[in-house]
Structures are given as C-alpha cells and as structure tokens.
$ cat final-v1.txt   # compact mmCIF, C-alpha atoms and all ligand atoms
# COMPACT_ATOMS: atom_id res chain seq x y z
CA MET O 1 21.06 132.18 -25.95
CA THR O 2 23.74 130.97 -23.58
CA MET O 3 25.57 133.72 -21.89
CA THR O 4 29.35 133.78 -21.85
CA GLU O 5 31.99 135.68 -19.90
CA GLN O 6 32.14 138.11 -22.84
CA HIS O 7 28.81 139.55 -21.77
CA PHE O 8 30.41 141.07 -18.67
CA ILE O 9 33.31 142.86 -20.34
CA PRO O 10 32.36 146.52 -20.55
CA LYS O 11 32.62 147.92 -24.06
CA GLU O 12 34.05 151.21 -23.02
CA TYR O 13 34.41 152.93 -19.77
CA LYS O 14 35.52 156.26 -18.53
CA ILE O 15 35.36 157.03 -14.88
CA SER O 16 35.66 160.74 -14.43
CA LYS O 17 34.98 160.84 -10.72
CA GLU O 18 38.20 161.50 -8.77
CA LYS O 19 37.14 160.03 -5.48
CA GLY O 20 34.24 158.91 -3.39
CA GLN O 21 32.93 156.00 -1.44
CA VAL O 22 30.20 153.42 -1.59
CA THR O 23 28.79 151.02 1.01
CA TRP O 24 26.95 147.73 0.61
CA GLU O 25 25.74 145.19 3.11
CA SER O 26 25.49 141.66 1.86
CA PRO O 27 24.24 138.53 3.61
CA SER O 28 25.55 135.04 4.01
CA ASN O 29 23.60 132.11 2.58
CA ILE O 30 23.05 128.47 3.49
CA ALA O 31 23.02 125.82 0.79
CA LEU O 32 20.31 123.15 0.72
CA VAL O 33 21.90 121.31 -2.21
CA LYS O 34 25.64 121.78 -1.81
CA TYR O 35 28.32 123.11 -4.11
CA TRP O 36 31.38 120.93 -3.62
CA GLY O 37 33.83 120.56 -6.48
CA LYS O 38 34.76 123.12 -9.11
CA LYS O 39 36.46 123.44 -12.48
CA LYS O 40 38.79 126.19 -13.65
CA HIS O 41 37.62 129.79 -13.28
CA GLN O 42 35.23 129.03 -10.45
CA ILE O 43 32.84 126.97 -12.56
CA PRO O 44 30.91 124.59 -10.29
CA GLU O 45 30.91 120.86 -10.94
CA ASN O 46 27.27 120.68 -9.91
CA PRO O 47 24.29 122.94 -9.33
CA SER O 48 23.43 124.19 -5.85
CA ILE O 49 20.54 126.04 -4.23
CA SER O 50 20.52 128.14 -1.07
CA PHE O 51 18.44 130.18 1.30
CA THR O 52 19.76 133.71 1.50
CA LEU O 53 20.14 134.69 5.16
CA ASN O 54 18.99 137.90 6.78
CA ASN O 55 21.05 138.70 9.88
CA CYS O 56 24.48 137.26 9.13
CA LYS O 57 26.03 139.84 6.88
CA THR O 58 29.10 141.81 5.93
CA ILE O 59 29.07 145.59 5.64
CA THR O 60 31.76 146.94 3.34
CA THR O 61 32.69 150.52 2.50
CA LEU O 62 34.90 151.02 -0.52
CA SER O 63 36.65 154.39 -0.70
CA TYR O 64 38.31 155.12 -4.01
CA SER O 65 40.68 157.80 -5.20
CA LYS O 66 42.23 158.21 -8.64
CA LYS O 67 45.93 157.50 -8.99
CA GLU O 68 48.47 157.17 -11.77
CA SER O 69 47.55 153.96 -13.57
CA GLY O 70 50.37 151.54 -12.72
CA ASN O 71 51.07 147.85 -12.99
CA ASP O 72 49.86 146.99 -9.54
CA PHE O 73 46.66 147.06 -7.58
CA SER O 74 46.74 149.55 -4.76
CA PHE O 75 44.54 148.92 -1.74
CA GLU O 76 44.39 148.57 2.02
CA VAL O 77 41.97 146.53 4.11
CA PHE O 78 40.46 147.10 7.53
CA LEU O 79 38.31 144.74 9.57
CA ASP O 80 36.40 146.46 12.38
CA GLY O 81 38.72 149.44 11.97
CA GLU O 82 41.88 147.37 12.29
CA LYS O 83 44.34 147.04 9.44
CA LYS O 84 44.34 143.49 8.09
CA ASP O 85 47.28 142.80 5.86
CA ASP O 86 46.61 139.07 6.04
CA PHE O 87 43.39 139.63 4.02
CA LYS O 88 45.34 141.19 1.17
CA PRO O 89 46.43 138.07 -0.75
CA LYS O 90 42.80 136.90 -1.05
CA ILE O 91 41.67 140.28 -2.29
CA LYS O 92 44.60 140.55 -4.68
CA THR O 93 43.61 137.20 -6.19
CA PHE O 94 40.05 138.48 -6.48
CA PHE O 95 41.23 141.67 -8.24
CA GLU O 96 43.29 139.60 -10.67
CA ARG O 97 40.32 137.41 -11.49
CA VAL O 98 37.92 140.31 -12.08
CA GLU O 99 40.24 142.80 -13.74
CA ALA O 100 39.12 141.85 -17.26
CA TYR O 101 35.55 142.75 -16.27
CA LEU O 102 36.42 145.89 -14.29
CA PRO O 103 39.21 147.43 -16.36
CA PHE O 104 39.51 150.51 -14.11
CA LEU O 105 40.88 148.68 -11.07
CA LYS O 106 44.45 149.87 -11.50
CA ASP O 107 43.39 153.50 -11.93
CA PHE O 108 42.37 153.79 -8.28
CA HIS O 109 43.66 153.41 -4.79
CA PHE O 110 41.09 151.64 -2.64
CA LYS O 111 40.44 151.62 1.06
CA ILE O 112 38.27 148.66 1.98
CA GLU O 113 36.59 148.84 5.38
CA THR O 114 34.62 145.82 6.36
CA SER O 115 32.84 144.37 9.35
CA ASN O 116 30.70 141.31 9.96
CA THR O 117 27.67 140.84 12.16
CA PHE O 118 29.06 137.42 13.13
CA PRO O 119 32.48 136.17 14.29
CA HIS O 120 35.13 135.92 11.57
CA SER O 121 35.99 132.32 10.62
CA SER O 122 33.10 131.04 12.67
CA GLY O 123 32.43 128.70 9.79
CA ILE O 124 29.62 131.00 8.75
CA ALA O 125 30.51 131.72 5.18
CA SER O 126 32.12 135.13 5.64
CA SER O 127 33.62 134.65 2.20
CA ALA O 128 30.09 134.59 0.75
CA SER O 129 28.94 137.82 2.38
CA GLY O 130 32.38 139.44 2.15
CA MET O 131 33.03 138.73 -1.51
CA SER O 132 29.49 139.63 -2.56
CA ALA O 133 29.72 142.96 -0.71
CA MET O 134 33.05 143.67 -2.43
CA ALA O 135 31.67 142.78 -5.84
CA LEU O 136 28.71 145.10 -5.34
CA CYS O 137 30.91 148.02 -4.24
CA LEU O 138 33.12 147.64 -7.31
CA LEU O 139 30.15 147.38 -9.61
CA SER O 140 28.65 150.54 -8.14
CA LEU O 141 31.85 152.22 -9.27
CA GLU O 142 31.37 150.92 -12.81
CA LYS O 143 27.77 152.09 -12.71
CA LEU O 144 28.83 155.66 -11.95
CA ASN O 145 29.99 156.04 -15.47
CA ASN O 146 27.72 153.51 -17.09
CA PRO O 147 24.48 154.61 -15.45
CA GLU O 148 22.46 153.07 -18.23
CA ILE O 149 23.13 149.49 -17.10
CA THR O 150 19.91 147.73 -16.18
CA ASP O 151 19.13 146.23 -12.79
CA LEU O 152 19.15 142.79 -14.38
CA TYR O 153 22.65 143.34 -15.73
CA PHE O 154 23.79 144.88 -12.45
CA TYR O 155 22.66 141.94 -10.31
CA GLN O 156 23.86 139.32 -12.78
CA LYS O 157 27.25 140.92 -13.07
CA ALA O 158 27.51 141.40 -9.29
CA SER O 159 26.82 137.69 -8.86
CA PHE O 160 29.27 136.86 -11.65
CA LEU O 161 32.03 138.90 -9.98
CA ALA O 162 31.22 137.56 -6.51
CA ARG O 163 31.55 134.03 -7.88
CA LEU O 164 35.09 134.80 -8.96
CA GLY O 165 35.83 135.76 -5.35
CA SER O 166 34.16 132.75 -3.78
CA GLY O 167 31.77 130.38 -5.48
CA SER O 168 29.03 130.45 -2.87
CA ALA O 169 29.19 134.27 -2.79
CA CYS O 170 27.32 134.44 -6.10
CA ARG O 171 24.24 133.20 -4.21
CA SER O 172 24.28 136.14 -1.74
CA ILE O 173 23.35 139.05 -4.00
CA GLU O 174 19.62 138.40 -4.04
CA GLY O 175 17.10 136.23 -2.21
CA ASP O 176 15.28 134.37 -1.07
CA LEU O 177 16.13 131.11 -2.85
CA ILE O 178 19.03 131.18 -5.29
CA VAL O 179 20.25 128.57 -7.75
CA TRP O 180 23.77 128.50 -9.13
CA GLY O 181 25.06 126.04 -11.71
CA GLU O 182 23.55 125.01 -14.99
CA THR O 183 21.01 122.23 -14.66
CA LYS O 184 18.05 120.96 -16.65
CA ALA O 185 16.11 121.05 -13.41
CA VAL O 186 16.00 124.84 -13.36
CA ASN O 187 15.22 127.04 -16.34
CA GLY O 188 17.66 129.89 -16.83
CA SER O 189 20.26 128.45 -14.45
CA SER O 190 23.87 129.31 -15.21
CA ASP O 191 27.37 128.31 -14.18
CA LEU O 192 28.38 131.97 -14.31
CA PHE O 193 26.03 133.53 -11.77
CA GLY O 194 23.21 132.81 -9.36
CA VAL O 195 19.57 133.18 -10.43
CA LYS O 196 16.40 133.47 -8.42
CA TYR O 197 14.62 130.15 -8.06
CA PRO O 198 11.92 130.55 -10.72
CA TYR O 199 9.19 128.15 -9.57
CA GLN O 200 6.39 128.16 -7.06
CA VAL O 201 7.42 128.09 -3.39
CA HIS O 202 5.06 127.20 -0.54
CA GLU O 203 4.26 129.85 2.09
CA ILE O 204 5.92 127.78 4.81
CA PHE O 205 9.36 128.55 3.34
CA LYS O 206 8.80 132.29 3.22
CA GLU O 207 9.84 132.82 6.82
CA TYR O 208 11.97 129.75 7.35
CA GLN O 209 14.25 129.94 10.39
CA ASP O 210 17.96 129.12 10.60
CA THR O 211 19.50 128.99 14.05
CA ILE O 212 23.25 128.56 13.76
CA LEU O 213 24.95 126.73 16.60
CA LEU O 214 28.58 127.80 16.87
CA VAL O 215 30.20 124.52 17.81
CA ASP O 216 33.72 125.46 16.93
CA LYS O 217 34.79 128.95 16.09
CA GLY O 218 38.44 128.08 15.51
CA GLU O 219 40.04 128.37 12.08
CA LYS O 220 39.26 125.36 9.92
CA GLN O 221 42.12 122.93 9.33
CA VAL O 222 41.11 122.48 5.70
CA SER O 223 39.84 125.42 3.64
CA SER O 224 36.94 125.05 1.23
CA THR O 225 39.24 125.72 -1.69
CA VAL O 226 41.47 122.79 -0.76
CA GLY O 227 38.37 120.65 -0.17
CA HIS O 228 36.91 121.47 -3.59
CA ASN O 229 40.17 120.46 -5.24
CA LEU O 230 40.06 117.08 -3.56
CA MET O 231 36.99 116.30 -5.67
CA TYR O 232 39.38 115.80 -8.61
CA GLU O 233 40.09 112.09 -8.83
CA HIS O 234 37.65 111.50 -6.01
CA PRO O 235 36.23 107.97 -6.38
CA TYR O 236 32.63 109.10 -5.82
CA ALA O 237 32.75 112.47 -7.56
CA GLU O 238 30.82 111.63 -10.71
CA ASN O 239 27.93 110.09 -8.81
CA ARG O 240 27.85 112.94 -6.37
CA PHE O 241 27.64 115.54 -9.15
CA LYS O 242 24.83 113.58 -10.79
CA GLN O 243 23.01 113.32 -7.46
CA ALA O 244 23.04 117.10 -7.03
CA HIS O 245 21.15 117.53 -10.33
CA GLU O 246 18.66 114.87 -9.21
CA ASN O 247 18.21 116.47 -5.81
CA LEU O 248 17.43 119.82 -7.39
CA GLU O 249 14.78 118.12 -9.49
CA LYS O 250 13.38 116.37 -6.39
CA LEU O 251 13.32 119.60 -4.46
CA LYS O 252 10.91 121.27 -6.89
CA PRO O 253 7.71 119.46 -5.83
CA ILE O 254 8.84 119.66 -2.21
CA LEU O 255 9.26 123.42 -2.33
CA GLU O 256 5.92 123.73 -4.05
CA SER O 257 3.92 121.51 -1.70
CA GLY O 258 5.70 122.44 1.53
CA ASP O 259 6.21 118.77 2.43
CA LEU O 260 8.58 119.33 5.34
CA ASP O 261 9.35 115.67 6.03
CA GLN O 262 10.69 115.26 2.53
CA PHE O 263 12.41 118.63 2.71
CA ILE O 264 14.27 117.62 5.86
CA ALA O 265 15.25 114.23 4.44
CA LEU O 266 16.72 115.80 1.32
CA VAL O 267 18.53 118.61 3.11
CA GLU O 268 20.03 116.41 5.84
CA SER O 269 21.15 113.89 3.25
CA GLU O 270 22.88 116.68 1.30
CA ALA O 271 24.69 117.85 4.43
CA LEU O 272 25.93 114.40 5.35
CA THR O 273 26.90 113.66 1.74
CA LEU O 274 29.03 116.81 1.71
CA HIS O 275 30.88 115.60 4.79
CA ALA O 276 31.07 112.07 3.41
CA MET O 277 32.90 113.52 0.40
CA MET O 278 35.42 115.08 2.77
CA MET O 279 35.89 111.85 4.67
CA THR O 280 36.43 109.89 1.45
CA SER O 281 38.87 112.35 -0.15
CA MET O 282 42.56 111.57 -0.32
CA PRO O 283 43.87 112.99 1.92
CA TYR O 284 40.68 112.53 3.97
CA PHE O 285 39.57 114.95 6.62
CA ILE O 286 36.77 115.51 9.14
CA LEU O 287 35.35 118.93 9.90
CA MET O 288 32.60 117.79 12.25
CA LYS O 289 33.39 117.76 15.96
CA PRO O 290 32.03 115.43 18.64
CA ASN O 291 29.51 118.12 19.57
CA THR O 292 28.30 118.33 15.97
CA LEU O 293 27.24 114.69 16.27
CA GLU O 294 25.77 115.18 19.74
CA ILE O 295 23.58 117.93 18.34
CA ILE O 296 22.51 115.89 15.31
CA ASN O 297 21.47 113.00 17.52
CA LYS O 298 19.55 115.27 19.86
CA ILE O 299 17.73 116.80 16.90
CA TRP O 300 16.77 113.37 15.59
CA ASN O 301 15.46 112.27 19.00
CA PHE O 302 13.52 115.46 19.54
CA ARG O 303 11.99 115.20 16.07
CA LYS O 304 10.95 111.61 16.71
CA ASN O 305 9.43 112.45 20.08
CA THR O 306 7.60 115.61 19.11
CA GLY O 307 6.84 115.26 15.41
CA LEU O 308 8.06 118.83 14.94
CA HIS O 309 9.77 119.81 11.70
CA ILE O 310 13.27 120.46 12.88
CA GLY O 311 16.14 119.55 10.58
CA PHE O 312 19.78 120.46 10.16
CA THR O 313 22.33 121.25 7.55
CA LEU O 314 26.09 121.74 7.70
CA ASP O 315 28.57 123.88 5.84
CA ALA O 316 32.24 123.16 5.47
CA GLY O 317 32.74 123.28 9.23
CA ALA O 318 31.58 121.98 12.59
CA ASN O 319 28.68 124.39 13.11
CA VAL O 320 25.12 123.18 12.79
CA HIS O 321 22.41 125.14 11.01
CA ILE O 322 19.03 124.22 12.45
CA LEU O 323 16.24 124.78 9.95
CA TYR O 324 12.57 124.96 10.93
CA PRO O 325 9.33 126.74 10.05
CA LYS O 326 8.39 129.88 11.94
CA ASN O 327 5.12 128.47 13.27
CA GLU O 328 7.09 125.91 15.28
CA ALA O 329 9.73 128.37 16.43
CA LYS O 330 8.61 128.80 20.03
CA VAL O 331 8.98 125.16 21.10
CA ILE O 332 12.02 124.54 18.96
CA LEU O 333 13.87 127.56 20.35
CA GLU O 334 13.10 126.37 23.88
CA PHE O 335 14.61 123.01 22.97
CA ILE O 336 17.66 124.67 21.44
CA LYS O 337 18.24 126.80 24.54
CA ASN O 338 17.61 124.02 27.02
CA GLU O 339 19.37 121.14 25.32
CA LEU O 340 21.66 122.20 22.50
CA VAL O 341 23.35 125.38 23.58
CA VAL O 342 25.57 123.43 25.99
CA TYR O 343 27.34 121.95 22.95
CA CYS O 344 28.23 125.37 21.55
CA GLN O 345 31.50 127.16 22.15
CA ASN O 346 30.79 129.70 24.90
CA GLU O 347 27.11 128.82 24.46
CA GLN O 348 27.02 130.94 21.32
CA TYR O 349 24.37 130.69 18.65
CA ILE O 350 22.84 133.03 16.08
CA CYS O 351 19.17 133.29 15.19
CA ASP O 352 18.69 133.97 11.54
CA GLN O 353 16.05 133.47 8.89
CA ILE O 354 15.56 133.54 5.18
CA GLY O 355 16.38 136.94 3.66
CA PHE O 356 16.17 138.87 0.45
CA GLY O 357 19.67 139.87 -0.51
CA ALA O 358 22.13 142.73 -0.43
CA ASN O 359 21.38 146.42 0.09
CA GLN O 360 23.26 149.55 -0.75
CA ILE O 361 23.62 151.88 2.22
CA LYS O 362 23.26 155.46 1.14
CA GLU O 363 25.04 158.19 3.06
C1 LIG O 401 30.36 123.67 1.73
O1 LIG O 401 32.21 129.04 -1.87
O2 LIG O 401 33.60 128.78 0.21
O3 LIG O 401 29.65 125.92 1.83
O4 LIG O 401 34.56 128.85 -4.28
O5 LIG O 401 36.57 127.99 -3.10
O6 LIG O 401 35.48 130.08 -2.30
P1 LIG O 401 35.30 128.73 -2.96
O7 LIG O 401 34.41 127.86 -1.98
P2 LIG O 401 33.16 128.22 -1.09
O8 LIG O 401 32.55 126.77 -0.86
C2 LIG O 401 31.44 126.60 -0.04
C3 LIG O 401 30.99 125.21 -0.05
C4 LIG O 401 29.91 124.87 0.93
C5 LIG O 401 28.63 124.49 0.20
C6 LIG O 401 27.85 125.59 -0.43
O9 LIG O 401 27.81 126.71 0.09
O10 LIG O 401 27.18 125.29 -1.45

$ encode --input "final-v1.txt" --output "structure tokens" --more "lines below"
Ligand code: DP6
Amino acid sequence: MTMTEQHFIPKEYKISKEKGQVTWESPSNIALVKYWGKKKHQIPENPSISFTLNNCKTITTLSYSKKESGNDFSFEVFLDGEKKDDFKPKIKTFFERVEAYLPFLKDFHFKIETSNTFPHSSGIASSASGMSAMALCLLSLEKLNNPEITDLYFYQKASFLARLGSGSACRSIEGDLIVWGETKAVNGSSDLFGVKYPYQVHEIFKEYQDTILLVDKGEKQVSSTVGHNLMYEHPYAENRFKQAHENLEKLKPILESGDLDQFIALVESEALTLHAMMMTSMPYFILMKPNTLEIINKIWNFRKNTGLHIGFTLDAGANVHILYPKNEAKVILEFIKNELVVYCQNEQYICDQIGFGANQIKE
C-alpha cells in the first residue's frame, strides 16, 4: 500500500485543553547522499540518506493558549529569549503548509521559544533541527486529544510535517541512519517522510564521528530553497537524480561490510557533486570558500600519508564535515587541531557524532 497525504489528515479532533506547553529537542543531520532538487509540496527529486547528529540540536518550547478561532495564525517567536520577528514569515509559511494536517492551528495563540546548541546560520542545518522540533511540538498537541495514535504514526507524521517545513528536517526525527525519498534501493522508502535505514549496518558506523569545521559563519548568499529551484532546467539534473538512486544502492554493501575506503569515495563524490550542481546552475554560484578547499586538500594529503579513514562531506555552505571512525579519533583530532583549525572562522569547530533522534523534554 502506498501511503498518501490523506493518511495524515486527522479524522476528527477536539482539543479541550485551554493552555499548556511542550518542549522537544531535535538534532541536525548530515546527508551522505544529498537531497538537491525538489518538486511541488516538498517532494524530493531524488532519495537521500543521512546520519542523524547528536550534539547539534535545537530546543523548542511551544506554549499554547486557546483563542477565538480567526482567519489568521497567531504566534510570536523568540530565539535565546530575544524576540525574532524576522523568523515569522518562515514559520507562517510552515503553518500554511501544515494546516490541513493540524486543523487546530488557528484555535490557539502560540509562543515559540527556541535555542540552538550551535551558531545560527553557521551553515549547520538549523532548519533541519528547528523545523523538526517545531513539528514534534505541534504533534504533541494533536496527541493530547488523540492519545490513541501509535508511535509509528507519531514519528511518521512528525517527519511528514517537518518535511513541509524543510526537506532535510524530515530526516532529524529519528536516528541513526535515515532515508528519505522513494527508491527501489530501500524497502519502505517514501517521498513523504523519512524512514529508518532498514538493512544491516557494520559496527564501525555505530559511533561514527563528525567534526564540523566552521569555515564561514556568515549568512549564505544563496539559500537552499533558491538552489533547489535551480535544478529545474538544469542541464545535468536528470543524470544527477539517477545517480542518487544508484549511490543509495551502492551504499548498501558498503554500510554492511564497513569498507571505509569505498564509503569515503562515495560520500566525498556526493559532496562535490552537490557543489558541482551549484556551479553549473544558471545563475551559477559557489558556496565553498578558499579555506574549504585548503581543508579538503589537507585531508587528502593526510589520508594518503597515514592511511587513516578520514573523509569529508559538505552541506549547502562553506563548512566542512569531517567524518571518521571513533577508533581513529585520537590521531585525527590531533591533526584537526594542529592543521585544520587555522582555516576556521575564529578557530571554531564542533565535535559531533552519530545520534538517535529527537527527545521530548518533560517538565
Ligand atoms: C544540501 O532541506 O535546507 O543540505 O527543503 O528548501 O528547506 P528546503 O531545503 P533543505 O536542503 C538541504 C540540502 C542539503 C543536502 C541534504 O541535506 O540532503
């Protein structure tokens, strides 16, 4: 049975609670096979797979109070305790997209208080952790009066709603490896929500490390949303989408066997392909910085000289995610500190590792 949007429209609802609050913390994630290009309604052009992260996360408290049901959404947003009216348009768009699935939104006034464990717009996908945390808070509200919903439904719908906020956010609800986008390569995969990677994964990936080098913390010149849209009429788009399916298929034996050389080759190729798509869009753009390339070259040299399993990936930004197994962490971290940190803005970097998804924080 293929699932459709219909599945997530609640049959009836009645929220009797007048007010309250709910808090979720939700992590960021880093894609190994990249999502780049989407259709209407946040449907991805190709499948992607990511490691859920552990330390980079957003903590969001949603306070709700009943109001006269009107024609407008009523909410205010705070980041680190400071009112953020410039976040409102994004959240309003999110509310509009999810209203059909959360028909109570206009019956409440919301206060959204959010904070990140990492710098905002650092190129770390704050939209992924932020939107997934929001989705979970709203769904907790639905659950109040539909307590019978199953965990499976809860997590699927949370991912479904998060996707409508930001595509990659649908991969942040659970861990540790999440697939989003329908593909023959992965049983049960869906365009509508992320699913846990269902096949065997080698021990070595269970505690995989991701050290994020903050090369450029400035606001990006080109947002992901604009970048995705440039995949329409892109001369290489069709081949790229096909390649993502193939790479997911290729990743299966690699994840099973723990062949790190092949893992690194596939993941680095995905990262550079993502940026190649940006450079060959019209208009074209470059999100890497000179220091991004310095770091990549240093990593390649170090790998050649030591035989250690250090590899990188990139998001839609200049920062470099360095991926490596935990049993090589000591030497690799030394190398990062001694040779790579000089290329970071204010020498900043974040040590993270594979994680297991969002958590509700009970009072
Ligand atoms: C390069 O999920 O930020 O990080 O759906 O427009 O919000 P929207 O885009 P977004 O795109 C992220 C793309 C990427 C690759 C990835 O995470 O798969």

$ closest_residue --input "final-v1.txt" --among "O:Met3, O:Ile43, O:Leu213, O:Ile9" --to "ligand LIG 401 (chain O)" --atoms "all atoms listed in the file"
O:Ile43

$ atom_distance --input "final-v1.txt" --atom1 "atom CA of Gly181 of chain O" --atom2 "atom C2 of ligand LIG 401 (chain O)"
13.3 Å

$ residues_near_ligand --input "final-v1.txt" --ligand "ligand LIG 401 (chain O)" --cutoff "8 Å" --atoms "all atoms listed in the file" --output "MDAnalysis selection string"
chainID O and resid 29:36 38 42 48:50 125 127:128 163:169 223:226 228 274 314:317

$ closest_residue --input "final-v1.txt" --among "O:Gln21, O:Asn319, O:Ser159, O:Ser115" --to "Lys83 of chain O" --atoms "only C-alpha atoms"
O:Ser115

$ closest_residue --input "final-v1.txt" --among "O:Leu141, O:Met134, O:Leu214, O:Ala244" --to "Ser269 of chain O" --atoms "only C-alpha atoms"
O:Ala244

$ closest_residue --input "final-v1.txt" --among "O:Gln243, O:Thr4, O:Ser28, O:Gln360" --to "Thr61 of chain O" --atoms "all atoms listed in the file"
O:Gln360

$ closest_residue --input "final-v1.txt" --among "O:Leu138, O:Ile361, O:Leu161, O:Ala133" --to "Leu192 of chain O" --atoms "all atoms listed in the file"
O:Leu161

$ closest_residue --input "final-v1.txt" --among "O:Ser26, O:Asn71, O:Thr52, O:Asn145" --to "Tyr13 of chain O" --atoms "only C-alpha atoms"
O:Asn145

$ atom_distance --input "final-v1.txt" --atom1 "atom CA of Thr280 of chain O" --atom2 "atom CA of His234 of chain O"
7.7 Å

$ residues_around --input "final-v1.txt" --residues "Leu152 of chain O" --least-positions-apart "2" --cutoff "12 Å" --atoms "only C-alpha atoms" --output "compact mmCIF listing (two decimals) with C-alpha atoms, keeping the file's coordinate frame"
# COMPACT_ATOMS: atom_id res chain seq x y z
CA GLU O 148 22.46 153.07 -18.23
CA ILE O 149 23.13 149.49 -17.10
CA THR O 150 19.91 147.73 -16.18
CA PHE O 154 23.79 144.88 -12.45
CA TYR O 155 22.66 141.94 -10.31
CA GLN O 156 23.86 139.32 -12.78
CA LYS O 157 27.25 140.92 -13.07
CA ALA O 158 27.51 141.40 -9.29
CA SER O 159 26.82 137.69 -8.86
CA ILE O 173 23.35 139.05 -4.00
CA GLU O 174 19.62 138.40 -4.04
CA PHE O 193 26.03 133.53 -11.77
CA GLY O 194 23.21 132.81 -9.36
CA VAL O 195 19.57 133.18 -10.43
CA LYS O 196 16.40 133.47 -8.42

$ atom_distance --input "final-v1.txt" --atom1 "atom CA of His245 of chain O" --atom2 "atom CA of Tyr208 of chain O"
23.4 Å

$ residues_near_point --input "final-v1.txt" --point "(21.7, 138.7, 8.6)" --cutoff "9 Å" --atoms "all atoms listed in the file" --output "mmCIF file with C-alpha atoms, keeping the file's coordinate frame"
data_model
loop_
_atom_site.group_PDB
_atom_site.id
_atom_site.type_symbol
_atom_site.label_atom_id
_atom_site.label_comp_id
_atom_site.auth_asym_id
_atom_site.auth_seq_id
_atom_site.Cartn_x
_atom_site.Cartn_y
_atom_site.Cartn_z
ATOM 1 C CA SER O 26 25.490 141.660 1.860
ATOM 2 C CA PRO O 27 24.240 138.530 3.610
ATOM 3 C CA SER O 28 25.550 135.040 4.010
ATOM 4 C CA THR O 52 19.760 133.710 1.500
ATOM 5 C CA LEU O 53 20.140 134.690 5.160
ATOM 6 C CA ASN O 54 18.990 137.900 6.780
ATOM 7 C CA ASN O 55 21.050 138.700 9.880
ATOM 8 C CA CYS O 56 24.480 137.260 9.130
ATOM 9 C CA LYS O 57 26.030 139.840 6.880
ATOM 10 C CA THR O 58 29.100 141.810 5.930
ATOM 11 C CA THR O 117 27.670 140.840 12.160
ATOM 12 C CA PHE O 118 29.060 137.420 13.130
ATOM 13 C CA CYS O 351 19.170 133.290 15.190
ATOM 14 C CA ASP O 352 18.690 133.970 11.540
ATOM 15 C CA GLN O 353 16.050 133.470 8.890
ATOM 16 C CA ILE O 354 15.560 133.540 5.180
ATOM 17 C CA GLY O 355 16.380 136.940 3.660
#

$ residues_near_point --input "final-v1.txt" --point "(45.4, 155.8, -6.4)" --cutoff "9 Å" --atoms "all atoms listed in the file" --output "ChimeraX atom specification"
/O:64-69,73-75,106-110

$ residues_around --input "final-v1.txt" --residues "Pro283 of chain O" --least-positions-apart "4" --cutoff "12 Å" --atoms "only C-alpha atoms" --output "PyMOL selection string"
chain O and resi 222+226-227+229-234+277-279

$ residues_around --input "final-v1.txt" --residues "Met288 of chain O" --least-positions-apart "3" --cutoff "8 Å" --atoms "all atoms listed in the file" --output "CSV table (one decimal) with C-alpha atoms, keeping the file's coordinate frame"
chain,number,residue,atom,x,y,z
O,275,HIS,CA,30.9,115.6,4.8
O,291,ASN,CA,29.5,118.1,19.6
O,292,THR,CA,28.3,118.3,16.0
O,293,LEU,CA,27.2,114.7,16.3
O,317,GLY,CA,32.7,123.3,9.2
O,318,ALA,CA,31.6,122.0,12.6
O,319,ASN,CA,28.7,124.4,13.1

$ residues_around --input "final-v1.txt" --residues "Asn187 of chain O" --least-positions-apart "5" --cutoff "10 Å" --atoms "all atoms listed in the file" --output "PDB file with C-alpha atoms, in the coordinates of the input"
ATOM      1  CA  GLU O 182      23.550 125.010 -14.990  1.00  0.00           C
ATOM      2  CA  VAL O 195      19.570 133.180 -10.430  1.00  0.00           C
ATOM      3  CA  TYR O 197      14.620 130.150  -8.060  1.00  0.00           C
ATOM      4  CA  PRO O 198      11.920 130.550 -10.720  1.00  0.00           C
ATOM      5  CA  TYR O 199       9.190 128.150  -9.570  1.00  0.00           C
TER       6      TYR O 199
END
